[in-house]
Amino acid sequence: MRTVSRTDRASRLIKAPASKIYSAFIDADALVRWLPPEGMTGEMLAFDARPGGGYRMALRYDEPGQDAAGKTSDHEDVVETRFVTLKPGRLIVQTAVFDAEDPAFAGTMRMTWSFEPAEGGTRVAISCEDVPQGIRKQDHLQGLKSSLANLASYVGG
């Protein structure tokens, strides 16, 4: 059976310089504070901010039993990422694999974060390619927008 590749995208103007935004991606304490979308809390399990490095993060639902079930367990998503490209203040490309037994969440998702100068700050865009079919598009887009809002709040923009 052939599966169709899906790409989800979101962007936001953040009132902060690209260098400050980039720093929030390569600092483990910062990333675990802003990346989890609303309704989730993160725990950094491993972190290595260099090309070829990556991180392992557990994302836990604040209220187990919400509409979206976890991928790793009923209340948790564990994701393993690898940094493919790190261009300070410009671009981060990473791959992400969920720790899940359900084949609907299998596969490697490629996430490209770009930072473009814009009037009033920096346009931060995220493109997620090869999104696992088990992740509902609406939920994923909501999560991406929530993470971008958290990032804006974290960097003061």
# chains A, B, ... in the order shown; residues from 1 in each chain; ligands from 1
$ select_by_dssp --residues "chain A" --states "helix (DSSP H, G or I)" --output "NGL selection string"
:A and (18-23 or 28-34 or 103-105 or 137-155)
$ residues_around --residues "Ala16 in chain A" --least-positions-apart "3" --cutoff "7 Å" --atoms "only C-alpha atoms" --output "count of residues only"
7
$ atom_distance --atom1 "CA of Gln138 in chain A" --atom2 "CA of Leu91 in chain A"
25.2 Å
$ residues_around --residues "range 96-98 of chain A" --least-positions-apart "2" --cutoff "10 Å" --atoms "only C-alpha atoms" --output "NGL selection string"
:A and (54-58 or 71-72 or 77-83 or 94 or 100-102 or 105-111 or 128 or 131-132)
$ closest_residue --among "A:Lys87, A:Arg12, A:Arg6, A:Arg50" --to "Ser146 in chain A" --atoms "only C-alpha atoms"
A:Arg12
$ select_by_dssp --residues "chain A" --states "strand (DSSP E)" --output "ChimeraX atom specification"
/A:7-14,40-48,54-61,76-87,91-98,109-118,121-129
$ atom_distance --atom1 "CA of Met40 in chain A" --atom2 "CA of Ser147 in chain A"
10.5 Å
$ residues_around --residues "Glu116 in chain A" --least-positions-apart "6" --cutoff "10 Å" --atoms "only C-alpha atoms" --output "ChimeraX atom specification"
/A:13,17-18,89-91,122-125
$ closest_residue --among "A:Leu59, A:Val93, A:Gly53, A:Ile14" --to "Pro36 in chain A" --atoms "only C-alpha atoms"
A:Leu59
$ residues_around --residues "Val32 in chain A" --least-positions-apart "3" --cutoff "12 Å" --atoms "only C-alpha atoms" --output "PyMOL selection string"
chain A and resi 24-29+35-37+40-47+55-60+147+150-151+154
$ decode --residues "range 39-56 of chain A" --atoms "N, CA and C atoms" --output "tab-separated table (two decimals), in the first residue's frame"
chain	number	residue	atom	x	y	z
A	39	GLY	N	-0.88	22.57	26.62
A	39	GLY	CA	-1.44	21.33	27.12
A	39	GLY	C	-0.41	20.24	27.34
A	40	MET	N	0.86	20.56	27.06
A	40	MET	CA	1.93	19.58	27.24
A	40	MET	C	3.10	20.20	27.99
A	41	THR	N	3.86	19.34	28.64
A	41	THR	CA	5.08	19.74	29.36
A	41	THR	C	6.21	18.86	28.84
A	42	GLY	N	7.40	19.45	28.71
A	42	GLY	CA	8.52	18.69	28.17
A	42	GLY	C	9.55	18.32	29.22
A	43	GLU	N	10.27	17.24	28.93
A	43	GLU	CA	11.43	16.84	29.73
A	43	GLU	C	12.53	16.47	28.75
A	44	MET	N	13.68	17.15	28.86
A	44	MET	CA	14.80	16.86	27.98
A	44	MET	C	15.54	15.65	28.53
A	45	LEU	N	15.67	14.63	27.70
A	45	LEU	CA	16.31	13.38	28.11
A	45	LEU	C	17.76	13.31	27.64
A	46	ALA	N	18.07	13.98	26.55
A	46	ALA	CA	19.44	14.05	26.02
A	46	ALA	C	19.50	15.25	25.08
A	47	PHE	N	20.69	15.89	24.98
A	47	PHE	CA	20.81	17.08	24.13
A	47	PHE	C	22.25	17.25	23.67
A	48	ASP	N	22.43	17.46	22.37
A	48	ASP	CA	23.74	17.68	21.77
A	48	ASP	C	23.55	18.60	20.57
A	49	ALA	N	23.79	19.90	20.78
A	49	ALA	CA	23.51	20.92	19.76
A	49	ALA	C	24.68	21.08	18.80
A	50	ARG	N	24.78	20.15	17.87
A	50	ARG	CA	25.78	20.24	16.80
A	50	ARG	C	25.25	19.43	15.62
A	51	PRO	N	25.70	19.74	14.40
A	51	PRO	CA	25.28	18.92	13.27
A	51	PRO	C	25.63	17.45	13.53
A	52	GLY	N	24.66	16.59	13.35
A	52	GLY	CA	24.83	15.17	13.66
A	52	GLY	C	24.41	14.83	15.07
A	53	GLY	N	24.33	15.84	15.94
A	53	GLY	CA	23.82	15.66	17.29
A	53	GLY	C	22.31	15.73	17.25
A	54	GLY	N	21.70	15.98	18.37
A	54	GLY	CA	20.25	16.09	18.41
A	54	GLY	C	19.76	16.10	19.83
A	55	TYR	N	18.52	15.73	20.00
A	55	TYR	CA	17.97	15.65	21.35
A	55	TYR	C	16.88	14.59	21.41
A	56	ARG	N	16.64	14.13	22.61
A	56	ARG	CA	15.53	13.21	22.91
A	56	ARG	C	14.69	13.90	23.97
